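Reproduced below: start-v5.tsv, with TSV, C-alpha atoms.
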```tsv
chain	number	residue	atom	x	y	z
A	20	VAL	CA	34.60	-5.64	48.72
A	21	GLY	CA	35.29	-8.04	45.86
A	22	LEU	CA	34.80	-5.26	43.29
A	23	LEU	CA	36.94	-2.70	45.14
A	24	PHE	CA	40.32	-3.91	43.89
A	25	PRO	CA	39.32	-4.12	40.19
A	26	LEU	CA	37.75	-0.67	40.47
A	27	ILE	CA	40.92	0.84	41.96
A	28	LEU	CA	42.98	-0.88	39.27
A	29	LEU	CA	40.72	0.49	36.52
A	30	VAL	CA	40.85	4.06	37.89
A	31	SER	CA	44.64	3.87	38.18
A	32	LEU	CA	44.93	2.61	34.60
A	33	VAL	CA	42.73	5.42	33.26
A	34	PHE	CA	44.78	7.97	35.19
A	35	ILE	CA	48.06	6.62	33.82
A	36	LEU	CA	46.66	6.66	30.27
A	37	LEU	CA	45.65	10.30	30.72
A	38	VAL	CA	49.12	11.18	31.91
A	39	VAL	CA	50.79	9.34	29.05
A	40	GLY	CA	48.39	10.71	26.46
A	41	VAL	CA	48.08	14.34	27.63
A	42	VAL	CA	51.02	15.42	29.77
A	43	TRP	CA	53.82	13.26	28.39
A	44	PRO	CA	53.56	14.40	24.73
A	45	TRP	CA	54.35	17.96	25.84
A	46	LYS	CA	57.80	16.74	26.76
A	47	ASP	CA	58.47	15.75	23.16
A	48	ARG	CA	57.50	19.25	22.03
A	49	GLY	CA	60.42	20.86	23.83
A	50	VAL	CA	58.43	22.12	26.81
A	51	ALA	CA	60.07	20.21	29.60
A	52	ASP	CA	62.32	21.30	32.39
A	53	SER	CA	60.51	19.56	35.23
A	54	PRO	CA	58.72	16.19	35.42
A	55	LEU	CA	55.21	17.65	35.34
A	56	ASN	CA	55.71	20.87	33.33
A	57	VAL	CA	52.59	22.51	34.79
A	58	VAL	CA	53.91	26.05	34.35
A	59	ASP	CA	55.12	25.26	30.83
A	60	LEU	CA	51.84	23.64	29.92
A	61	PHE	CA	49.75	26.73	30.66
A	62	SER	CA	52.38	29.11	29.31
A	63	ARG	CA	52.60	27.26	26.01
A	64	LEU	CA	48.80	27.02	25.73
A	65	ALA	CA	48.78	30.83	25.87
A	66	ASN	CA	51.86	31.28	23.68
A	67	SER	CA	53.44	28.85	21.21
A	68	ASP	CA	56.83	30.60	21.04
A	69	PRO	CA	59.65	28.33	22.24
A	70	LEU	CA	61.30	28.98	25.57
A	71	PRO	CA	64.78	30.50	25.25
A	72	PRO	CA	67.65	28.44	26.64
A	73	SER	CA	68.64	28.82	30.26
A	74	SER	CA	71.82	30.57	31.37
A	75	THR	CA	73.32	30.95	34.83
A	76	PHE	CA	74.88	33.62	37.03
A	77	HIS	CA	76.80	33.28	40.28
A	78	ALA	CA	75.14	34.38	43.51
A	79	ARG	CA	77.30	35.72	46.32
A	80	ASP	CA	77.60	32.25	47.86
A	81	THR	CA	78.96	31.00	44.48
A	82	THR	CA	75.76	29.06	43.74
A	83	GLN	CA	74.84	29.07	40.05
A	84	LEU	CA	71.25	30.24	39.59
A	85	SER	CA	69.27	30.01	36.38
A	86	PHE	CA	67.70	32.70	34.22
A	87	ARG	CA	66.37	33.11	30.67
A	88	ARG	CA	67.17	35.94	28.29
A	89	TYR	CA	64.68	37.27	25.78
A	90	PRO	CA	66.72	39.43	23.39
A	91	GLY	CA	65.27	42.59	21.99
A	92	PRO	CA	64.97	43.25	18.25
A	93	GLN	CA	68.28	45.17	18.37
A	94	ASP	CA	71.70	43.82	19.29
A	95	ASP	CA	72.13	46.80	21.62
A	96	PRO	CA	68.73	47.15	23.35
A	97	PRO	CA	67.74	50.62	24.59
A	98	CYS	CA	66.32	49.24	27.85
A	99	VAL	CA	66.17	46.11	29.98
A	100	ILE	CA	63.27	44.38	31.75
A	101	VAL	CA	63.70	42.01	34.68
A	102	ALA	CA	60.60	39.96	35.56
A	103	VAL	CA	60.61	38.19	38.95
A	104	HIS	CA	58.12	35.43	39.76
A	105	THR	CA	56.26	34.80	43.00
A	106	LEU	CA	56.75	31.97	45.48
A	107	GLY	CA	55.90	28.53	44.11
A	108	LEU	CA	56.25	29.37	40.41
A	109	ASP	CA	59.35	29.93	38.28
A	110	GLY	CA	60.47	32.13	35.43
A	111	ARG	CA	58.44	30.24	32.83
A	112	ALA	CA	55.32	31.87	34.26
A	113	PHE	CA	56.42	35.12	32.56
A	114	HIS	CA	57.01	33.53	29.14
A	115	SER	CA	53.70	34.64	27.65
A	116	LEU	CA	53.87	38.16	29.11
A	117	VAL	CA	57.42	38.82	27.94
A	118	THR	CA	56.82	37.53	24.43
A	119	GLN	CA	53.63	39.59	24.20
A	120	LEU	CA	55.56	42.72	25.16
A	121	ARG	CA	57.92	42.04	22.28
A	122	THR	CA	54.98	41.39	19.94
A	123	GLN	CA	53.44	44.72	20.97
A	124	GLY	CA	56.57	46.58	19.96
A	125	SER	CA	58.79	46.60	23.06
A	126	GLN	CA	62.44	47.24	22.18
A	127	CYS	CA	63.74	46.05	25.57
A	128	ALA	CA	65.70	42.92	26.26
A	129	ALA	CA	64.09	40.89	29.05
A	130	PHE	CA	65.62	38.68	31.72
A	131	VAL	CA	63.59	36.24	33.79
A	132	PRO	CA	65.33	34.47	36.70
A	133	ASP	CA	64.38	31.25	38.41
A	134	MET	CA	64.64	32.29	42.03
A	135	ARG	CA	66.56	29.95	44.31
A	136	GLY	CA	64.57	26.81	45.08
A	137	HIS	CA	62.42	27.19	41.94
A	138	GLY	CA	62.63	25.89	38.39
A	139	GLN	CA	66.18	25.15	37.27
A	140	SER	CA	67.51	26.99	40.33
A	141	ASN	CA	65.99	24.26	42.51
A	142	ILE	CA	69.38	22.60	42.53
A	143	ARG	CA	68.68	20.03	45.23
A	144	ARG	CA	65.23	19.21	43.80
A	145	ARG	CA	63.55	19.89	47.09
A	146	PHE	CA	60.02	21.15	47.62
A	147	PRO	CA	59.70	24.43	45.62
A	148	GLY	CA	60.93	27.43	47.58
A	149	THR	CA	63.18	25.49	49.98
A	150	LEU	CA	65.93	27.78	51.29
A	151	SER	CA	68.86	27.50	53.66
A	152	ASN	CA	68.15	30.87	55.28
A	153	PRO	CA	65.46	33.57	54.89
A	154	SER	CA	67.93	36.17	53.59
A	155	GLN	CA	68.75	34.24	50.43
A	156	PRO	CA	65.91	35.56	48.21
A	157	ARG	CA	66.85	39.17	48.95
A	158	HIS	CA	70.56	38.53	48.42
A	159	ASP	CA	69.91	36.57	45.21
A	160	LEU	CA	67.72	39.31	43.77
A	161	GLU	CA	70.31	41.96	44.66
A	162	ASP	CA	73.00	39.87	42.98
A	163	PHE	CA	70.92	39.31	39.84
A	164	LEU	CA	70.01	42.98	39.47
A	165	GLN	CA	73.66	43.89	39.92
A	166	PHE	CA	74.59	41.29	37.31
A	167	ILE	CA	72.14	42.85	34.84
A	168	ALA	CA	73.26	46.40	35.66
A	169	THR	CA	76.87	45.39	35.06
A	170	THR	CA	76.01	43.63	31.81
A	171	TYR	CA	74.00	46.61	30.53
A	172	PRO	CA	75.52	49.72	32.12
A	173	ARG	CA	73.66	52.99	31.71
A	174	LYS	CA	70.61	51.23	30.27
A	175	PRO	CA	67.17	52.01	31.78
A	176	LEU	CA	66.13	49.05	33.92
A	177	HIS	CA	62.48	48.17	34.57
A	178	VAL	CA	61.70	45.55	37.23
A	179	LEU	CA	58.39	43.67	37.11
A	180	ALA	CA	57.72	41.68	40.27
A	181	HIS	CA	54.74	39.53	41.18
A	182	GLY	CA	53.32	38.44	44.54
A	183	THR	CA	55.90	37.74	47.20
A	184	ALA	CA	58.65	38.87	44.83
A	185	ALA	CA	56.93	42.26	44.55
A	186	SER	CA	57.07	42.62	48.32
A	187	LEU	CA	60.69	41.50	48.32
A	188	THR	CA	61.79	44.11	45.79
A	189	ALA	CA	60.50	46.87	48.07
A	190	TYR	CA	63.40	46.03	50.41
A	191	VAL	CA	66.06	45.51	47.75
A	192	PRO	CA	68.20	48.47	46.63
A	193	LEU	CA	67.60	48.93	42.92
A	194	PRO	CA	70.28	50.20	40.55
A	195	ASP	CA	70.27	53.95	39.97
A	196	GLY	CA	67.43	55.04	37.71
A	197	ALA	CA	65.60	51.70	37.81
A	198	SER	CA	61.80	51.58	37.91
A	199	LEU	CA	59.65	49.04	39.74
A	200	THR	CA	56.21	47.69	38.87
A	201	MET	CA	54.56	45.59	41.59
A	202	MET	CA	51.87	43.07	40.69
A	203	SER	CA	49.72	41.89	43.62
A	204	PRO	CA	52.35	42.63	46.30
A	205	LEU	CA	51.88	41.04	49.71
A	206	PHE	CA	52.90	43.43	52.50
A	207	SER	CA	50.61	42.24	55.25
A	208	PHE	CA	48.61	39.15	56.09
A	209	ASN	CA	45.75	41.57	56.77
A	210	ALA	CA	45.68	42.52	53.09
A	211	GLN	CA	42.48	41.63	51.27
A	212	HIS	CA	44.15	39.04	49.00
A	213	ALA	CA	45.90	37.49	52.02
A	214	LYS	CA	42.83	36.84	54.15
A	215	ARG	CA	42.84	33.47	55.84
A	216	GLU	CA	39.90	32.16	53.80
A	217	VAL	CA	41.60	33.18	50.54
A	218	LEU	CA	44.92	31.61	51.48
A	219	ALA	CA	43.14	28.52	52.75
A	220	ARG	CA	41.63	27.87	49.32
A	221	HIS	CA	45.06	27.92	47.72
A	222	LEU	CA	46.64	25.84	50.46
A	223	GLN	CA	43.88	23.27	50.23
A	224	LEU	CA	44.28	23.05	46.46
A	225	HIS	CA	48.02	22.69	46.83
A	226	SER	CA	47.73	19.87	49.36
A	227	GLN	CA	45.28	18.00	47.13
A	228	ARG	CA	47.74	18.13	44.24
A	229	LEU	CA	50.75	17.09	46.26
A	230	SER	CA	50.01	13.36	46.12
A	231	VAL	CA	49.33	13.59	42.36
A	232	LEU	CA	52.62	15.42	41.76
A	233	THR	CA	54.47	12.77	43.75
A	234	LEU	CA	52.88	9.99	41.70
A	235	LEU	CA	53.68	11.71	38.41
A	236	ASN	CA	57.28	12.22	39.47
A	237	MET	CA	57.51	8.49	40.21
A	238	ILE	CA	56.07	7.67	36.77
A	239	HIS	CA	58.52	10.06	35.13
```
What is this file in structure tokens?
Amino acid sequence: VGLLFPLILLVSLVFILLVVGVVWPWKDRGVADSPLNVVDLFSRLANSDPLPPSSTFHARDTTQLSFRRYPGPQDDPPCVIVAVHTLGLDGRAFHSLVTQLRTQGSQCAAFVPDMRGHGQSNIRRRFPGTLSNPSQPRHDLEDFLQFIATTYPRKPLHVLAHGTAASLTAYVPLPDGASLTMMSPLFSFNAQHAKREVLARHLQLHSQRLSVLTLLNMIH
């Protein structure tokens, strides 16, 4: 019992040193939007290109939601890509993919929103994905696609959507002529990737990290 307190103190000190020495320096390298920068950390490990600055658009309830624009090589791009992230992530998760598309010769401009409750669109800084009503994601996506279609009229629009966002886009009216690519869509909890044992692994991992995230936010 007498050694328990010094041991806990030593483990806590080592943990804090790891945070200060590994996670904190990423903030000084222009990665940060959030206290932990987990999405940025992995995105920047895969791609060293800087994140473009955030802009905002107005949703139908007048809320300002965030997005990032990746300009094409031409001032007047021939096409537009919109990449929509899944629940629990934010637009930074597409940073590496979008920049790789440009590296591979894509001429399209790309737009990556932070869906409401995520990233810089998590205005109230609640738990990621917190919403006032279940219709908001659909309405927000409709509004963003309309915003893009108005900004780039008569330009071919390609929508890339991942996970829950892929399922959502199936019920959102796309602008005329738009294409849709779904990545791992979730249409049913009976789907192979939505089996209880698969979801349980992710939920367990998430719950284990929750206390660490809370501590890091307090340190920040």
| task | Please measure the separation of atom CA of Leu205 of chain A and atom CA of Ala184 of chain A, giving the value in Å to one decimal. | result |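 For atom CA of Leu205 of chain A relative to atom CA of Ala184 of chain A, the distance reads 8.6 Å.
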Between atom CA of Asn152 of chain A and atom CA of Val101 of chain A, what is the distance, to one decimal in Å?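 Calculated distance between atom CA of Asn152 of chain A and atom CA of Val101 of chain A is 23.8 Å.
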### Message
At a cut-off of 10 Å, using only C-alpha atoms, what residues contact Asp162 of chain A? Leave out same-chain residues fewer than 3 positions from it and give the result as a PyMOL selection string.
### Response
chain A and resi 76-79+156-159+165-168
Any idea what the distance is between atom CA of Ala112 of chain A and atom CA of Ser125 of chain A?
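A separation of 18.8 Å between them.
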### Message
Around (71.0, 31.6, 40.2), as given in the file, which residues come within 9 Å? Count all atoms listed in the file and list them as a list in words.
### Response
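Final list of nearby residues, as requested, is Ser74, Thr75, Phe76, His77, Ala78, Thr82, Gln83, Leu84, Ser85, Phe86, Pro132, Asp133, Met134, Arg135, Gln139, Ser140, Asp159, Asp162 and Phe163 of chain A.
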Please put the answer as lines of an AutoDock Vina configuration file: centre and edge lengths, in Å with one decimal, of a box along x, y and z that encloses all listed atoms of segment 190-202 of chain A plus 8 Å on each side.
```
center_x = 61.1
center_y = 49.1
center_z = 44.1
size_x = 34.4
size_y = 28.0
size_z = 28.7
```
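Nearest residue to Thr183 of chain A, choosing from A:Pro92, A:Gly110, A:Leu26, A:Met201 and counting all atoms listed in the file: A:Met201.
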Which of these residues is nearest to Pro204 of chain A, using only C-alpha atoms: A:Ser31, A:Gln93, A:Thr188, A:Asn141?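 Counting only C-alpha atoms, the residue closest to Pro204 of chain A is A:Thr188.
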Open item on the list: Ranking A:Leu120, A:Leu164, A:Ala189, A:Val103 by minimum distance to Pro90 of chain A and counting all atoms listed in the file, which one comes first?
Closed with: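 Smallest separation from Pro90 of chain A among the options: A:Leu120.
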Judged by all atoms listed in the file, the minimum distance to Arg173 of chain A among A:Gly124, A:Asp94, A:Gly136, A:Gly196 is found for A:Gly196
